[in-house]
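Below you'll find the structure, written out as structure tokens, and then a few comments.
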Amino acid sequence: MTPLLDTPPSAAPARNPSPAEPTAGADDSRTLIDALLAEQRELTAVEEFSRTHDAHEVRNRRYRDLLPASAPAPGQQYAFEVDLDQCSGCKACVTACHSLNGLDDDETWRSVGALTSTDWRAPVKQIVTTACHHCVDPGCLTGCPVLAYDKDPVTGIVKHLDDQCIGCQYCVMKCPYEVPQYSKVRGIVRKCDMCSSRLAVGEAPACVQACPNEAISITVVEQQKIRGKYRGTPTLNVEKEQRRKGEKENKRAGESSLSPFPLFPSANLFLPDSPNPAITLPTTRYVSQRSLPVHLEAADAHEVRPAKAHVPLTLMLVFSQLGAGLALAGALDAGRSRVLTLAALAATLIGVVAGTLHLGQPLKAWRSFLGWRKSWLSRELIAFGAFPAALGAHAVILHPLTALLAALLGLVAVACSAMIYVDTRRPFWSAPMTFGKFFGTALLLGGTGALVLAVLSPAGSISVAAAVALAAAGGVLKLAAENRVFRFLVDEQSPQLTALNKTALLLSGRFGFVSRVRVACALIGGIVFPALLLGGANGFAPLAVAALVLCLAGELIERHLFFVAEVAPKMPGGGNA
Amino acid sequence: MLHPGEFGLGKVPARLQPDATTRSICGFCSTGCSLDVHLQSGMAVNLTPTADYPVNLGMACPKGWEALTPLAAPDRATQPLLRNPKTGKLEPVDWDEAMQVFTLKFRALMDQHGPESVAFLSTGQICTEEMAFLGALWKFGMGALHGDSNTRQCMATSHVAYKQSFGFDAPPYTYADFEESDALVFLGSNLCIAHPILWQRVLRNKKNPEIIVVDPRRTETAMNATQHLALAPKSDLTLLYGVANLLVQNHWLDRAFIEQHTTGFAEFAEFVRPFTPDMVAAETGLTVGQLFRFAETIGTRKAVSFWWTMGVNQSHEAVRTAQAIINLALMTGNIGRPGTGPNSVTGQCNAMGSRLYANASGLLGGRDFLNAEHRAEVAQLLHLPVERIPAKNSLAYDQILEAVAEGKIKGLWVIATNTAHSWIDSARATGALDQLEFLVVQDMFTTTDTARHAHLILPAAGWGEKEGTFINSERRFGHVKKVSRAPGQALSDFNIFRLVAEYWGCAEMFTQWTSPQAAFQVLKKLSAGQPCDITGIEDYRQLDAAGGIQWPLTEGMNYEVGGMKDTHADPVSYLLPHNSYLQERRLFADGKFFHADGRAKFLFDPPRRMAEPVDGEFPLVMLTGRGTSAQWHTNTRTAKSAVLRTLYPANPYVEISPDDAARLRIEPNTTVAVVSRRARAECTAVVTPTVRAGQVFVPMHYDVTNRLTRAEFDPHSRQPSYKYCAVRLEKIEKKSL
């Protein structure tokens with residue numbers, strides 16, 4: 001910025017910058033500025049050019065071929081059909097959906113990604129547009145604790161009832177396709193409803209209207225056929241064979257057959273390198289006349305990105321499991337200790353309150369029992385209603401049987417918590433890992449918590465030895481469960497990364513330091529300090545407190561990693577598309 | 001939640017239900033789509049693409065759908081800002097002060113250092129009326145000489161190529177030609193991404209056409225080709241001469257057309273003789289079989305159209321390459337008929353307006369500053385003393401920046417363009433900007449890479465906040481409307497020019513330029529008798545009703561087109577849609593070109609090597625281009641839309657072939673450094689088979705890209721060669737936590 005304005009404008013000679021200025025004086029110039037500013041405010045387009053065009057017919061004529069001729073019969077439903085040969089990656093569908101449905105600024109109900117071949121000698125870049133698949137067995141619907149999802153009995157469209165939603169975001173976890181979108185501002189989730197109100201009057205959905213290439217249409221599909229295709233029937237032998245192979249591969253990679261990440265990604269009958277369609281039975285049909293090469297992968301297959309952190313859920317899980325662990329310790333002591341019971345109750349309540357903070361609509365939380373028939377979240381909430389109640393009752397009665405009841409309810413509640421995640425079918429949240437972690441936490445924290453009380457008031461509580469045993473059992477169980485994932489640690493240059501490979505890479509790479517701190521916490525707090533207490537340092541209270549604090553910190557870190565290192569299934573993305 | 005929108009719109013969100021609608025032409029690319037703007041009390045609240053407009057047929061790309069969003073951005077320029085010499089900070093001033101400083105500084109520089117010590121750099125993004133006003137004001141009113149437009153970066157090559165070959169800058173086609181070809185050849189054009197709404201027209205072609213894509217990369221468009229010629233970068237001129245040779249050798253020629261309507265064919269045929277299939281195959285990396293099939297398709301299909309974009313225009317031998325395409329069309333008679341033509345697909349929404357009316361490199365209305373007759377015509381039409389019209393050409397964009405760097409140009413006025421990001425070898429360009437004594441940036445935003453260097457920022461109204469016309473790729477004038485209020489004291493570019501005229505003291509020369517509508521009447525007069533004659537267009541109202549009108553439309557042509565007499569008395573109703581012969585017109589049906597002899601010229605030169613070939617130190621070719629359809633150029637507008645931001649990677653990235661990635665042990669999605677002789681840029685590595693070994697691709701929308709590119713120019717068009725420079729990749733060792 002070399003020579004700056006040497007003459008301050010205010011010192012400019014008079015108001016006439018030059019003698020060439022016409023007779024129009026300064027005041028006239030001022031008037032022109034005012035006139036131009038006033039003119040700039042005027043909006044004249046309406047008076048001069050407003051029009052009521054008869055474009056409706058033009059539009060409708062064009063979309064007639066892209067909509068089904070008749071409504072679905074019983075056993076049928078509407079579905080998106082995407083002609084992959086026509087999709088050229090313009091993404092107009094995403095923005096049209098956004099504008100025509102009046103979505104929030106960064107809210108999108110459709111997205112576009114790409115599949116690419118892995119060999120430049122046969123270069124392929126296949127663009128893929130995707131929205132809600134209006135599944136035959138929708139994960140969002142079965143997970144919702146307040147029945148805020150409805151699968152229309154006639155059209156099969158999976159609708160989200162915005163006014164019922166409590167913002168628990170469990171549907172976000174249950175959907176393998178990243179469809180439900182949570183809005184922090186609204187405190188609820190929203191999603192594509194296939195523009196059902198447009199379809200109802202014969203208008204095309206926004207994305208169908210907006211595709212310049214007519215790549216998206218609405219079609220009618222047989223639900224039973226989809227079930228058969230993805231979950232298998234005897235008539236589909238070839239596919240079954242393929243599936244069996246895939247399952248074998250899956251097992252080798254530590255992923256269950258119903259993992260959202262099928263190996264043999266390109267043999268996926270739904271779409272190459274997309275989530276396992278057996279989970280929710282998506283109805284969208286991807287069609288192509290081209291013979292796509294076998295080795296196709298999502299253009300973003302190599303992205304290893306941490307997931308969203310859930311602080312309230314992290315607190316909820318750890319403190320409620322501390323509560324359950326303390327209740328268990330109390331039961332082992334025949335329920336003699338009121339302090340222990342009250343501590344269990346306090347920890348559980350902290351957990352429950354923290355969990356409520358996770359909700360976008362906490363005031364509506366009371367309705368969450370409604371989905372108990374299908375939703376593990378509902379069941380968890382019921383269990384976490386009963387468990388503290390039992391603890392409260394026991395704190396009054398102090399009978400061995402009520403202690404046992406409370407402890408059992410605590411364990412049931414923890415099991416429900418675990419099932420919430422297991423039911424998402426995500427490999428890092430598989431049953432062995434999740435149950436191991438959750439019950440391990442209960443034992444470890446229950447043990448160290450009881451240890452503190454045992455050291456402080458040896459008379460009214462379980463023995464130090466029992467507490468240490470409990471803690472050690474928990475510690476070992478936990479570290480074993482957590483260590484499982486590192487079997488999937490691979491060289492980063494491995495051509496295909498599974499979800500667990502990516503999780504292991506995150507835990508050892510980006511979160512490597514945090515992971516090590518976490519292990520240190522568990523080892524020192526859960527094993528070394530208790531062992532010391534058992535040995536020479538018997539009765540040294542600060543050591544017991546330190547053990548509890550360390551374990552609590554370690555568990556909070558572990559549960560934080562449980563969320564952020566999880567790699568969610570998704571449709572192909574990337575490809576700059 | 002959704003209510004019937006009325007106005008033929010179908011259902012719209014209830015809170016955005018319009019009480020009126022109006023059409024406006026999109027302000028991003030040159031396709032020229034019409035958008036139905038939904039209004040509430042005259043203010044735009046939403047938009048949908050116009051269903052019955054002949055260009056876009058009810059469709060828009062993501063940028064078009066989001067056209068209103070950037071208007072509400074928080075970093076809009078809302079008042080003039082002047083850099084305080086003491087603090088070095090930009091501080092708000094009123095328009096009066098801004099205009100005084102503007103005139104004082106520019107006049108002082110011109111008085112002290114002469115009229116060649118100042119220049120403007122303008123744009124293809126503002127309305128034709130505004131460009132013409134700026135050019136006339138600068139050269140005739142203020143007495144300056146140098147000024148150029150950013151269309152130098154996109155369309156200068158097509159402009160020069162057509163002008164030399166045809167005698168006038170006249171893209172001959174209409175979009176219906178996409179649908180009527182039985183072979184389409186795309187050269188250096190990723191139409192699917194850069195012009196997605198035009199790709200729609202290709203897919204509507206019912207003739208099962210051959211689609212030939214000439215592009216080093218396996219682009220989205222190449223994916224849809226029946227023949228993808230993945231040639232070595234910058235071997236296109238050799239390829240085209242080789243194909244011409246094959247056409248000659250196999251007598252795949254339209255002899256009658258060549259004899260009646262062209263000159264120079266014999267010399268051309270002789271010239272291409274050494275471009276044998278073997279030689280061309282070796283140079284381009286293609287097989288002889290591919291060359292034959294390509295030539296045979298062109299030579300034997302009935303309606304062949306050739307479409308080129310920046311892959312051709314942005315080259316060190318761009319004009320000759322464009323003319324090599326023109327030559328193929330001429331020798332096979334693929335011009336003037338439906339589905340034919342050597343067709344340049346333009347870049348910016350009003351690149352054509354700039355080519356015809358910017359008064360920068362050419363005199364108003366497609367004229368020549370060096371031609372005394374032309375100067376006299378313009379002087380007479382504008383009621384000016386002829387001495388006010390310079391008899392000298394302006395420096396081109398690169399020469400202006402060079403003169404800035406050398407200290408010869410000391411004052412610069414940048415209008416609606418982002419030189420500091422978009423100019424080739426941008427660090428050098430930015431360094432030049434910092435040498436200026438006075439840099440004025442007139443823009444919608446205060447935050448562009450260029451505005452950060454300004455001494456004075458003039459707040460401009462954006463698209464949708466002002467009125468005027470754009471001219472699209474197929475020569476169609478479209479009307480842009482004022483449907484939103486500019487924030488604060490921002491003024492339309494047109495009105496800023498009015499203010500400058502007033503403060504400079506030359507307002508009396510521009511008494512006809514009271515409004516864009518009035519200026520349009522001036523443009524009509526300037527077009528009379530030129531190939532781009534628009535004297536037949538009544539006014540904005542008619543443009544709006546007609547669904548845009550292609551030039552030429554001479555007075556009287558309303559009533560008789562293609563031998564068909566009009567039965568309607570009212571020209572407006574006559575021009576309503578469905579009169580397709582008026583809506584879709586192409587040039588040269590009569591084989592008459594604009595040279596004095598009425599013939600088109602075969603023009604050619606031997607191919608030249610790039611100045612910076614790859615070598616051991618910089619072994620990779622860096623290609624650049626459009627990343628996604630959701631990004632526009634330097635992303636100053638498209639980055640303002642949250643939904644568009646979800647559609648492209650936030651950080652710069654480099655596409656690398658799997659072979660190079662394996663060889664260099666570069667892992668996908670890690671950060672690598674792209675290093676050229678000019679700069680080093682950190683990018684995310686995207687390993688993709690769509691890029692061939694030995695090449696990398698970096699999209700142009702990130703500011704790092706042009707720090708890497710090498711400033712080389714086509715000698716005829718002075719257009720920068722953005723699409724080739726030598727680089728190497730360096731792994732960046734990850735720091736572990």
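How things are named: the first chain in the structure tokens is A, the next is B, and so on; residues count from 1 in each chain; ligands count from 1 in the order shown.
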inquiry  = For Gln290 of chain B, find every residue with an atom within 12 Å (counting only C-alpha atoms), except residues of its own chain fewer than 4 positions away, and show them as an NGL selection string.
reply    = :B and (212-214 or 226-231 or 239 or 242-243 or 246 or 277-278 or 280-281 or 284-286 or 294-297)
According to DSSP computed on the backbone, where in segment 33-218 of chain A is there strand (DSSP E)? Give the residues as an mmCIF file with C-alpha atoms, in the first residue's frame.
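After the write, states-v3.cif holds the following:
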```cif
data_model
loop_
_atom_site.group_PDB
_atom_site.id
_atom_site.type_symbol
_atom_site.label_atom_id
_atom_site.label_comp_id
_atom_site.auth_asym_id
_atom_site.auth_seq_id
_atom_site.Cartn_x
_atom_site.Cartn_y
_atom_site.Cartn_z
ATOM 1 C CA GLN A 76 -46.674 -51.445 -3.301
ATOM 2 C CA GLN A 77 -45.295 -48.031 -2.558
ATOM 3 C CA TYR A 78 -43.808 -44.949 -4.199
ATOM 4 C CA ALA A 79 -40.057 -44.835 -4.640
ATOM 5 C CA PHE A 80 -37.448 -42.609 -6.209
ATOM 6 C CA GLU A 81 -35.897 -43.947 -9.374
ATOM 7 C CA VAL A 82 -32.526 -42.512 -10.360
ATOM 8 C CA ASP A 83 -31.221 -43.008 -13.868
ATOM 9 C CA SER A 111 -27.179 -34.793 -1.625
ATOM 10 C CA VAL A 112 -24.906 -35.722 -4.478
ATOM 11 C CA GLY A 113 -21.802 -37.881 -4.360
ATOM 12 C CA ALA A 114 -19.788 -40.027 -6.704
ATOM 13 C CA LEU A 115 -18.460 -43.498 -7.290
ATOM 14 C CA THR A 116 -15.102 -43.830 -8.970
ATOM 15 C CA SER A 117 -13.141 -46.718 -10.356
ATOM 16 C CA LYS A 125 -16.795 -41.194 -12.310
ATOM 17 C CA GLN A 126 -20.406 -42.055 -11.675
ATOM 18 C CA ILE A 127 -22.396 -39.294 -10.025
ATOM 19 C CA VAL A 128 -25.038 -40.395 -7.531
ATOM 20 C CA THR A 129 -27.907 -38.267 -6.260
ATOM 21 C CA THR A 130 -29.577 -39.445 -3.100
ATOM 22 C CA TYR A 149 -42.324 -41.214 12.117
ATOM 23 C CA ASP A 150 -45.129 -42.500 10.020
ATOM 24 C CA LYS A 151 -44.943 -44.782 7.024
ATOM 25 C CA VAL A 158 -41.835 -42.239 5.409
ATOM 26 C CA LYS A 159 -42.931 -38.957 6.929
ATOM 27 C CA HIS A 160 -41.485 -37.209 9.900
ATOM 28 C CA GLN A 181 -31.142 -33.774 9.547
ATOM 29 C CA TYR A 182 -31.018 -32.307 13.034
ATOM 30 C CA SER A 183 -31.417 -28.560 13.410
ATOM 31 C CA ILE A 188 -35.894 -31.156 15.961
ATOM 32 C CA VAL A 189 -35.034 -33.362 13.045
ATOM 33 C CA ARG A 190 -36.515 -32.913 9.581
ATOM 34 C CA ILE A 216 -35.001 -38.543 -11.051
ATOM 35 C CA SER A 217 -38.509 -39.900 -11.277
ATOM 36 C CA ILE A 218 -41.133 -41.391 -9.003
#
```
Enumerate, in order of chain and increasing residue number, the residues of segment 632-722 of chain B with an atom no farther than 9 Å from segment 93-105 of chain A, each with its shortest atom pair and distance in Å to one decimal, counting only C-alpha atoms, as a Markdown table.
```
| residue | atom | partner | partner_atom | distance |
| --- | --- | --- | --- | --- |
| B:Ser641 | CA | A:Asp105 | CA | 7.7 |
| B:Ala642 | CA | A:Asp105 | CA | 5.6 |
| B:Val643 | CA | A:Asp105 | CA | 6.2 |
| B:Leu644 | CA | A:Thr95 | CA | 7.7 |
| B:Leu647 | CA | A:Val94 | CA | 8.6 |
```
ask   = What is the atom CA of Thr469 of chain B-atom CA of Glu129 of chain B distance in Å, reported with one decimal?
value = 7.0 Å
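All residues of protein, DNA or RNA that reach within 6 Å of segment 540-556 of chain A, judged by only C-alpha atoms and not counting those fewer than 5 positions away in the chain, are Thr448, Gly449, Val452, Val455, Arg518, Cys521, Ala522, Gly525 and Phe529 of chain A.
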Extract, using only C-alpha atoms, all DNA, RNA and protein residues at most 8 Å from Gln631 of chain B, discarding same-chain residues fewer than 5 positions from it, and format them as a short mmCIF file (atom, residue, chain, number, x, y, z; two decimals) with N, CA and C atoms, in the first residue's frame.
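Contents of selection35.cif, as written:
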```
data_model
loop_
_atom_site.label_atom_id
_atom_site.label_comp_id
_atom_site.auth_asym_id
_atom_site.auth_seq_id
_atom_site.Cartn_x
_atom_site.Cartn_y
_atom_site.Cartn_z
N LYS B 63 -26.33 -22.50 -8.82
CA LYS B 63 -26.04 -21.07 -8.69
C LYS B 63 -27.28 -20.24 -8.98
N ARG B 626 -13.05 -25.57 -13.82
CA ARG B 626 -14.15 -25.44 -12.88
C ARG B 626 -14.22 -26.67 -11.99
N THR B 638 -20.77 -17.12 -4.67
CA THR B 638 -21.29 -18.44 -4.34
C THR B 638 -20.92 -18.88 -2.93
N ALA B 639 -19.81 -18.35 -2.38
CA ALA B 639 -19.46 -18.74 -1.01
C ALA B 639 -20.41 -18.14 0.01
N LEU B 644 -25.02 -23.75 -1.03
CA LEU B 644 -23.98 -23.99 -2.04
C LEU B 644 -22.69 -24.47 -1.37
N TYR B 648 -19.53 -28.19 -2.27
CA TYR B 648 -18.15 -28.26 -2.76
C TYR B 648 -17.19 -28.30 -1.58
N HIS B 701 -11.34 -22.14 -8.18
CA HIS B 701 -12.12 -21.33 -7.26
C HIS B 701 -11.40 -20.99 -5.97
#
```
